[in-house]
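> structure.cif (mmCIF, C-alpha atoms and all ligand atoms) pasted underneath:
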```cif
data_entry
#
loop_
_atom_site.label_atom_id
_atom_site.label_comp_id
_atom_site.auth_asym_id
_atom_site.auth_seq_id
_atom_site.Cartn_x
_atom_site.Cartn_y
_atom_site.Cartn_z
CA MET A 1 -52.26 37.14 42.24
CA ALA A 2 -52.04 36.71 46.05
CA LYS A 3 -51.61 32.98 45.43
CA TYR A 4 -48.41 33.63 43.41
CA TYR A 5 -47.00 35.89 46.10
CA LEU A 6 -47.65 33.13 48.63
CA VAL A 7 -45.83 30.56 46.49
CA ILE A 8 -42.89 32.93 45.98
CA PHE A 9 -42.83 33.63 49.73
CA LEU A 10 -42.83 29.92 50.60
CA ILE A 11 -40.01 29.15 48.15
CA GLY A 12 -38.03 32.10 49.54
CA ALA A 13 -38.58 30.98 53.12
CA THR A 14 -37.40 27.46 52.28
CA LEU A 15 -34.29 28.72 50.53
CA CYS A 16 -33.51 31.03 53.44
CA ALA A 17 -33.83 28.32 56.13
CA SER A 18 -30.74 28.89 58.22
CA ASP A 19 -27.65 26.83 57.55
CA ALA A 20 -26.22 27.97 60.89
CA LEU A 21 -25.63 25.19 63.41
CA LYS A 22 -26.87 27.23 66.36
CA ASP A 23 -30.15 28.07 64.62
CA ALA A 24 -30.78 24.49 63.52
CA TYR A 25 -30.29 23.34 67.13
CA GLU A 26 -32.04 26.26 68.81
CA LYS A 27 -34.85 24.04 70.17
CA TYR A 28 -32.43 21.53 71.67
CA PHE A 29 -29.21 22.93 73.13
CA LYS A 30 -26.50 25.52 72.66
CA ILE A 31 -23.88 24.74 70.03
CA GLY A 32 -20.42 25.78 71.14
CA THR A 33 -16.83 25.78 70.00
CA CYS A 34 -13.54 26.49 71.67
CA ILE A 35 -11.60 29.36 70.13
CA GLY A 36 -8.20 30.98 70.43
CA SER A 37 -8.02 34.76 70.65
CA GLY A 38 -7.00 35.10 66.98
CA GLU A 39 -10.39 33.82 65.94
CA THR A 40 -12.12 36.90 67.35
CA THR A 41 -10.85 38.75 64.29
CA GLU A 42 -9.92 36.18 61.64
CA GLY A 43 -13.09 34.13 61.06
CA ALA A 44 -15.24 36.16 63.46
CA GLU A 45 -18.28 36.29 61.15
CA TYR A 46 -18.23 32.57 60.74
CA ILE A 47 -17.95 31.97 64.52
CA LYS A 48 -20.84 34.36 65.17
CA LYS A 49 -22.95 32.62 62.55
CA HIS A 50 -22.64 29.05 63.80
CA TYR A 51 -22.03 29.13 67.55
CA ASN A 52 -23.90 30.57 70.52
CA SER A 53 -21.45 29.31 73.14
CA ILE A 54 -17.68 29.77 73.34
CA THR A 55 -15.03 28.14 75.53
CA PRO A 56 -11.56 29.71 75.39
CA CYS A 57 -9.29 26.79 74.31
CA ASN A 58 -6.48 27.91 76.66
CA GLU A 59 -7.10 31.48 77.80
CA LEU A 60 -8.87 30.73 81.10
CA LYS A 61 -6.59 27.93 82.22
CA PRO A 62 -4.65 28.48 85.45
CA ASP A 63 -1.34 29.10 83.63
CA ALA A 64 -3.01 31.83 81.56
CA ILE A 65 -4.56 33.80 84.41
CA LEU A 66 -2.41 33.18 87.52
CA ASN A 67 0.22 35.89 87.80
CA GLN A 68 3.44 34.85 89.54
CA GLY A 69 5.04 38.30 89.96
CA GLY A 70 1.83 39.80 91.27
CA SER A 71 1.32 36.89 93.65
CA GLN A 72 4.86 37.20 95.02
CA ASN A 73 4.39 40.95 95.48
CA SER A 74 0.99 40.59 97.11
CA GLY A 75 2.62 40.28 100.52
CA SER A 76 0.39 37.32 101.31
CA ASN A 77 1.26 33.65 100.99
CA ASP A 78 -2.46 32.87 100.66
CA THR A 79 -3.57 35.23 97.93
CA PRO A 80 -2.60 34.45 94.34
CA VAL A 81 -3.10 37.32 91.92
CA VAL A 82 -5.37 36.67 88.95
CA ALA A 83 -5.01 38.78 85.81
CA PHE A 84 -6.54 38.39 82.35
CA GLY A 85 -4.02 38.85 79.54
CA SER A 86 -4.77 40.30 76.11
CA GLY A 87 -5.88 36.94 74.62
CA THR A 88 -8.32 36.26 77.44
CA LYS A 89 -9.66 39.81 77.27
CA ALA A 90 -10.18 39.61 73.51
CA ILE A 91 -12.31 36.46 73.83
CA LEU A 92 -14.39 37.71 76.78
CA LYS A 93 -15.05 41.03 75.03
CA PHE A 94 -15.99 39.23 71.80
CA CYS A 95 -18.52 37.11 73.71
CA GLU A 96 -19.91 40.07 75.64
CA ASP A 97 -20.22 42.30 72.55
CA ASN A 98 -21.84 39.61 70.43
CA ASN A 99 -24.07 38.12 73.09
CA ILE A 100 -22.39 34.71 72.88
CA ALA A 101 -22.56 32.65 76.10
CA LEU A 102 -19.27 31.68 77.72
CA ARG A 103 -18.09 28.39 79.29
CA GLY A 104 -15.21 28.82 81.70
CA HIS A 105 -12.46 26.19 81.56
CA THR A 106 -11.01 25.55 84.19
CA PHE A 107 -9.99 26.06 87.87
CA VAL A 108 -8.61 22.74 89.18
CA TRP A 109 -6.53 20.72 86.73
CA HIS A 110 -3.25 18.81 86.87
CA GLY A 111 -2.33 20.27 83.46
CA GLN A 112 -1.45 23.82 82.44
CA THR A 113 -1.15 24.86 86.10
CA PRO A 114 2.16 26.36 87.23
CA GLU A 115 4.12 24.52 89.92
CA TRP A 116 4.80 27.77 91.84
CA PHE A 117 1.07 27.94 92.63
CA PHE A 118 1.64 25.00 95.02
CA LYS A 119 4.91 26.26 96.52
CA GLU A 120 5.83 28.48 99.49
CA GLY A 121 6.17 32.17 98.57
CA PHE A 122 4.78 31.38 95.08
CA ASN A 123 8.35 30.37 94.36
CA SER A 124 9.01 27.60 91.83
CA ASN A 125 11.73 26.12 94.06
CA GLY A 126 9.95 26.66 97.40
CA ASN A 127 8.56 23.83 99.53
CA TRP A 128 5.09 22.46 98.94
CA VAL A 129 2.57 24.51 100.92
CA SER A 130 0.35 22.99 103.60
CA LYS A 131 -3.15 21.80 102.86
CA ASP A 132 -4.50 24.73 104.87
CA THR A 133 -2.56 27.30 102.82
CA MET A 134 -3.60 25.60 99.58
CA ASN A 135 -7.25 25.78 100.61
CA LYS A 136 -6.90 29.52 101.09
CA ARG A 137 -5.15 29.88 97.74
CA LEU A 138 -7.84 27.84 96.05
CA GLU A 139 -10.63 29.94 97.55
CA ASN A 140 -8.88 33.21 96.69
CA PHE A 141 -8.13 32.05 93.14
CA ILE A 142 -11.77 31.25 92.45
CA LYS A 143 -13.02 34.39 94.21
CA ALA A 144 -10.62 36.70 92.33
CA THR A 145 -11.50 35.15 88.96
CA TYR A 146 -15.23 35.61 89.42
CA GLU A 147 -14.64 39.16 90.71
CA LEU A 148 -12.72 40.03 87.53
CA PHE A 149 -15.56 38.72 85.37
CA ALA A 150 -18.07 40.81 87.32
CA LYS A 151 -15.96 43.96 87.26
CA ASP A 152 -14.77 43.98 83.64
CA TYR A 153 -17.50 42.01 81.84
CA PRO A 154 -20.77 42.86 83.61
CA ASN A 155 -22.88 41.91 80.59
CA LEU A 156 -21.16 38.62 79.81
CA ASN A 157 -23.39 35.53 79.95
CA LEU A 158 -21.10 33.26 81.98
CA TYR A 159 -23.44 30.28 82.01
CA SER A 160 -21.20 27.35 82.81
CA TYR A 161 -17.81 26.54 84.39
CA ASP A 162 -15.57 23.48 84.61
CA VAL A 163 -14.62 23.69 88.29
CA CYS A 164 -12.54 20.49 88.17
CA ASN A 165 -11.03 18.91 85.09
CA GLU A 166 -9.62 15.37 84.70
CA VAL A 167 -9.31 14.47 88.38
CA PHE A 168 -9.86 10.74 87.67
CA GLN A 169 -7.80 7.91 86.29
CA ASP A 170 -9.42 5.54 83.80
CA ASN A 171 -9.84 2.94 86.56
CA GLY A 172 -12.14 5.33 88.44
CA GLN A 173 -9.56 6.14 91.17
CA PHE A 174 -8.46 9.72 91.70
CA ARG A 175 -5.22 10.93 90.12
CA ASN A 176 -2.43 10.27 92.58
CA ALA A 177 0.50 12.40 93.78
CA GLN A 178 2.64 11.49 90.75
CA GLN A 179 -0.17 12.51 88.43
CA SER A 180 -1.43 15.68 90.10
CA LYS A 181 0.04 18.45 92.23
CA TRP A 182 -3.36 18.80 93.83
CA TRP A 183 -3.11 15.31 95.29
CA GLN A 184 0.56 15.91 96.07
CA VAL A 185 -0.38 18.81 98.37
CA TYR A 186 -3.64 17.49 99.84
CA GLY A 187 -2.90 13.78 100.02
CA ASP A 188 -6.62 13.18 99.48
CA GLU A 189 -9.48 14.26 97.26
CA SER A 190 -10.88 16.98 99.53
CA TYR A 191 -9.67 19.68 97.11
CA ILE A 192 -12.48 18.63 94.75
CA ILE A 193 -15.31 19.27 97.20
CA ASN A 194 -13.55 22.42 98.43
CA ALA A 195 -13.24 23.79 94.90
CA PHE A 196 -16.96 23.26 94.28
CA THR A 197 -17.83 24.77 97.67
CA TYR A 198 -15.86 27.94 96.81
CA ALA A 199 -17.18 28.09 93.24
CA LYS A 200 -20.73 27.81 94.56
CA LYS A 201 -20.00 30.65 96.99
CA TYR A 202 -18.60 33.09 94.40
CA ALA A 203 -20.06 32.14 90.99
CA PRO A 204 -22.67 34.54 89.62
CA SER A 205 -26.23 33.27 89.51
CA GLY A 206 -26.89 31.32 86.34
CA CYS A 207 -23.34 29.95 86.13
CA GLU A 208 -23.67 26.16 86.32
CA LEU A 209 -20.79 24.25 87.90
CA TYR A 210 -19.38 21.12 86.23
CA ILE A 211 -16.99 18.26 86.87
CA ASN A 212 -15.38 17.48 83.50
CA ASP A 213 -13.36 14.49 82.25
CA TYR A 214 -12.25 12.44 79.24
CA ASN A 215 -12.60 8.68 78.60
CA GLU A 216 -15.77 9.23 80.57
CA TYR A 217 -17.43 6.35 78.67
CA ILE A 218 -15.05 3.72 80.15
CA ASP A 219 -17.21 1.90 82.72
CA THR A 220 -14.82 2.22 85.68
CA LYS A 221 -14.35 5.92 85.03
CA THR A 222 -18.08 6.51 84.41
CA ASN A 223 -18.76 5.02 87.84
CA GLY A 224 -16.01 7.03 89.56
CA ILE A 225 -17.30 10.31 88.14
CA TYR A 226 -20.93 9.38 88.84
CA ASN A 227 -20.28 8.55 92.51
CA VAL A 228 -18.45 11.77 93.27
CA ALA A 229 -20.96 13.87 91.32
CA VAL A 230 -23.88 12.37 93.24
CA LYS A 231 -22.15 13.05 96.54
CA MET A 232 -21.67 16.70 95.57
CA LYS A 233 -25.26 16.90 94.31
CA ASP A 234 -26.42 15.93 97.79
CA LEU A 235 -24.33 18.81 99.13
CA GLY A 236 -25.94 21.18 96.61
CA ILE A 237 -22.64 22.37 95.14
CA ILE A 238 -22.66 20.94 91.58
CA ASP A 239 -24.95 21.34 88.57
CA GLY A 240 -23.62 18.86 86.10
CA ILE A 241 -21.17 16.45 84.54
CA GLY A 242 -19.05 17.45 81.55
CA MET A 243 -18.31 14.78 78.95
CA GLN A 244 -15.21 15.89 77.05
CA SER A 245 -16.01 13.42 74.26
CA HIS A 246 -12.69 13.10 72.45
CA LEU A 247 -13.86 10.17 70.33
CA SER A 248 -12.78 8.12 67.35
CA THR A 249 -14.90 6.25 64.84
CA ASP A 250 -13.48 2.93 66.10
CA PHE A 251 -13.84 3.66 69.85
CA PRO A 252 -16.06 3.97 71.75
CA SER A 253 -19.21 2.81 69.94
CA VAL A 254 -22.09 5.28 70.04
CA GLY A 255 -23.92 2.66 72.13
CA GLN A 256 -21.18 2.65 74.76
CA TYR A 257 -21.17 6.46 74.82
CA GLU A 258 -24.95 6.48 75.23
CA LYS A 259 -24.68 4.09 78.18
CA ALA A 260 -22.40 6.56 80.02
CA LEU A 261 -24.66 9.47 79.07
CA GLN A 262 -27.69 7.65 80.50
CA LYS A 263 -25.86 6.82 83.72
CA PHE A 264 -24.86 10.47 84.15
CA ILE A 265 -28.41 11.63 83.38
CA SER A 266 -29.75 9.20 85.99
CA SER A 267 -27.90 11.28 88.63
CA GLY A 268 -30.48 14.01 88.05
CA LEU A 269 -27.68 16.43 87.13
CA HIS A 270 -27.27 18.21 83.81
CA VAL A 271 -24.85 16.68 81.34
CA ILE A 272 -22.92 18.90 78.96
CA VAL A 273 -20.72 17.87 76.05
CA THR A 274 -17.63 20.01 76.49
CA GLU A 275 -14.93 19.12 73.93
CA LEU A 276 -16.36 16.98 71.16
CA ASP A 277 -14.17 15.82 68.31
CA ILE A 278 -14.30 12.53 66.41
CA GLY A 279 -11.17 11.20 64.74
CA GLY A 280 -11.20 8.75 61.83
CA ASN A 281 -9.67 8.17 58.42
CA ASN A 282 -12.85 8.08 56.43
CA GLU A 283 -15.15 11.09 56.22
CA ASP A 284 -18.23 8.96 55.46
CA THR A 285 -17.66 6.89 58.60
CA GLN A 286 -17.06 10.05 60.61
CA ALA A 287 -20.23 11.63 59.21
CA LYS A 288 -22.25 8.53 60.19
CA TYR A 289 -20.77 8.61 63.71
CA TYR A 290 -21.58 12.31 64.10
CA LYS A 291 -25.12 11.66 62.89
CA ASP A 292 -25.70 8.74 65.27
CA LEU A 293 -24.20 10.66 68.17
CA PHE A 294 -26.25 13.82 67.62
CA THR A 295 -29.37 11.66 67.26
CA VAL A 296 -28.68 10.34 70.78
CA LEU A 297 -27.96 13.85 72.09
CA VAL A 298 -31.14 15.31 70.60
CA LYS A 299 -33.16 12.46 72.15
CA ASN A 300 -31.79 13.49 75.56
CA ALA A 301 -31.78 17.24 74.92
CA GLU A 302 -33.87 18.13 77.98
CA HIS A 303 -30.89 17.16 80.18
CA ILE A 304 -28.21 18.73 77.97
CA PRO A 305 -27.68 22.52 78.05
CA GLY A 306 -24.99 22.52 75.38
CA VAL A 307 -22.77 20.62 72.98
CA THR A 308 -19.35 22.14 72.33
CA VAL A 309 -16.97 20.99 69.60
CA TRP A 310 -13.29 21.42 70.44
CA GLY A 311 -12.39 23.69 67.58
CA SER A 312 -14.19 25.72 64.95
CA SER A 313 -12.43 24.11 61.97
CA ASP A 314 -9.97 21.21 61.43
CA GLU A 315 -6.93 23.45 61.05
CA HIS A 316 -7.51 24.77 64.60
CA SER A 317 -7.91 21.30 66.14
CA TRP A 318 -5.48 20.01 68.76
CA ARG A 319 -5.94 16.65 66.95
CA GLY A 320 -5.27 18.23 63.57
CA LYS A 321 -4.14 15.10 61.74
CA ASP A 322 -7.38 13.32 62.75
CA HIS A 323 -9.50 15.94 60.93
CA PRO A 324 -12.10 15.50 63.66
CA LEU A 325 -14.41 18.53 63.28
CA LEU A 326 -17.32 19.84 61.22
CA PHE A 327 -15.48 22.32 59.01
CA SER A 328 -12.19 22.49 57.16
CA ASN A 329 -10.84 25.96 56.34
CA HIS A 330 -14.27 27.07 57.47
CA GLN A 331 -15.92 25.07 54.67
CA PRO A 332 -18.62 22.60 55.76
CA LYS A 333 -17.60 18.93 55.64
CA LYS A 334 -19.77 15.82 55.33
CA THR A 335 -19.75 15.74 59.12
CA TYR A 336 -21.46 19.16 59.20
CA TYR A 337 -24.20 18.03 56.80
CA ALA A 338 -24.74 14.87 58.85
CA VAL A 339 -25.22 16.92 62.03
CA MET A 340 -27.66 19.26 60.24
CA GLU A 341 -29.63 16.30 58.87
CA VAL A 342 -30.41 15.08 62.40
CA VAL A 343 -32.65 18.11 62.92
CA GLY A 344 -34.00 18.12 59.37
CA SER A 345 -31.89 21.04 58.12
C1 LIG B 401 -5.93 21.50 74.71
C2 LIG B 401 -5.90 22.72 73.79
O1 LIG B 401 -6.87 22.57 72.79
C3 LIG B 401 -4.51 22.85 73.17
O2 LIG B 401 -4.44 24.05 72.43
C4 LIG B 401 -3.45 22.86 74.27
O3 LIG B 401 -2.17 22.87 73.66
C5 LIG B 401 -3.57 21.65 75.16
O4 LIG B 401 -4.90 21.60 75.68
N1 LIG B 401 -8.68 18.23 77.55
C6 LIG B 401 -8.91 19.52 78.02
C7 LIG B 401 -8.51 20.68 77.20
O5 LIG B 401 -9.57 19.68 79.07
O6 LIG B 401 -8.17 21.78 78.00
C8 LIG B 401 -7.37 20.34 76.26
O7 LIG B 401 -7.16 21.47 75.39
C9 LIG B 401 -7.70 19.09 75.46
C10 LIG B 401 -7.91 17.92 76.38
#
```
Represent the structure contained in this file as structure tokens.

Amino acid sequence: MAKYYLVIFLIGATLCASDALKDAYEKYFKIGTCIGSGETTEGAEYIKKHYNSITPCNELKPDAILNQGGSQNSGSNDTPVVAFGSGTKAILKFCEDNNIALRGHTFVWHGQTPEWFFKEGFNSNGNWVSKDTMNKRLENFIKATYELFAKDYPNLNLYSYDVCNEVFQDNGQFRNAQQSKWWQVYGDESYIINAFTYAKKYAPSGCELYINDYNEYIDTKTNGIYNVAVKMKDLGIIDGIGMQSHLSTDFPSVGQYEKALQKFISSGLHVIVTELDIGGNNEDTQAKYYKDLFTVLVKNAEHIPGVTVWGSSDEHSWRGKDHPLLFSNHQPKKTYYAVMEVVGS
């Protein structure tokens, strides 16, 4: 009789093996997605099931949390006011309540950052501030953000932050004054090291600090990112390199991507995949690419704390027409099954 119970138990256990991404990858790295605040209600069960890391797609960007009126009323030209709006709050609360780790994205970026942040009196038509004033603003911005996290979300697992995003051109040079207000004000790249210095000073323990970029697999850019990251590693102010990984089935090859990954790993820093999506017209080709890529990632898992896809389901993707994700209308696609196959699920 006991024998039959054992057989029934084994069949049951096999059938119940989790089909959740985060469980299948538990031994290797966190599986994340970016979400908008609406997804904390619509689709919440599905997010909780598959992902153990969340990045707000837009809700922690400078334009979402820097408050112009408050900054102007602060009485100080050096102290921008940081405030979390309802969308940001909804996501942070969702993560805290459901014990889902959070990646912060991002402090220093040329995009989605209001021009008034760089202007005298926090006034859109003021003059550019001096480098010295901007340094103070940068420090106060980072300090105030981390203070808000600590005050309002004491139990949130804030494990990772993109301190700087997209500060390079594809040729490995820094973005210039036409391409970034940061360069416009500083006239050099010192804002990058300063941002990391301040983040290191104010980030809670356990919050790893990353430099994040796209086209990171183009040799010249790989080298540019690597060189700066190594310099900051020597200063003890950075934990890792973020590979955005907005890919397509026809470029780059998985081999080329792996070459950049290996170079970044050779720095001795962590490498985190921050915004993965893979465009392509053919779902079989996409599935094969996902499988080959995750095989490479699993092989290097000891250096990789997490892999985040940039969207929970195709209809939420910023590259919607490329159908680049693992689910469509929250239904698993071939790409999902390919990723599960890599770890035998
Ligand atoms: C994208 C968001 O997904 C969109 O909703 C928004 O309209 C534009 O920004 N690199 C980044 C991300 O670092 O912040 C971008 O996110 C995608 C490219």
> Which residue gives the smallest distance to A:Ala144 among A:Ala20, A:Val296, A:Ile65, A:Val307, with all atoms listed in the file counted?
A:Ile65
> Check the smallest atom-to-atom distance from each of A:Leu325, A:Ala150, A:Leu21, A:Met232 to A:Asp277 using only C-alpha atoms, then report the winner.
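Using only C-alpha atoms, the shortest distance to A:Asp277 belongs to A:Leu325.
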> For ligand LIG 401 (chain B), return the neighbouring residues as a PDB file with C-alpha atoms, keeping the file's coordinate frame (distance at most 6 Å; all atoms listed in the file).

```pdb
ATOM      1  CA  CYS A  57      -9.290  26.790  74.310  1.00  0.00           C
ATOM      2  CA  ASN A  58      -6.480  27.910  76.660  1.00  0.00           C
ATOM      3  CA  TRP A 318      -5.480  20.010  68.760  1.00  0.00           C
TER       4      TRP A 318
END
```
> Just to confirm, what's the straight-line distance from atom CA of A:Asn223 to atom CA of A:Gly172 in Å (one decimal)?
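Value for the atom CA of A:Asn223-atom CA of A:Gly172 distance: 6.7 Å.
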> In Å, rounded to a single decimal, give me how far atom CA of A:Phe327 is from atom CA of A:Tyr51.
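It comes out at 12.7 Å.
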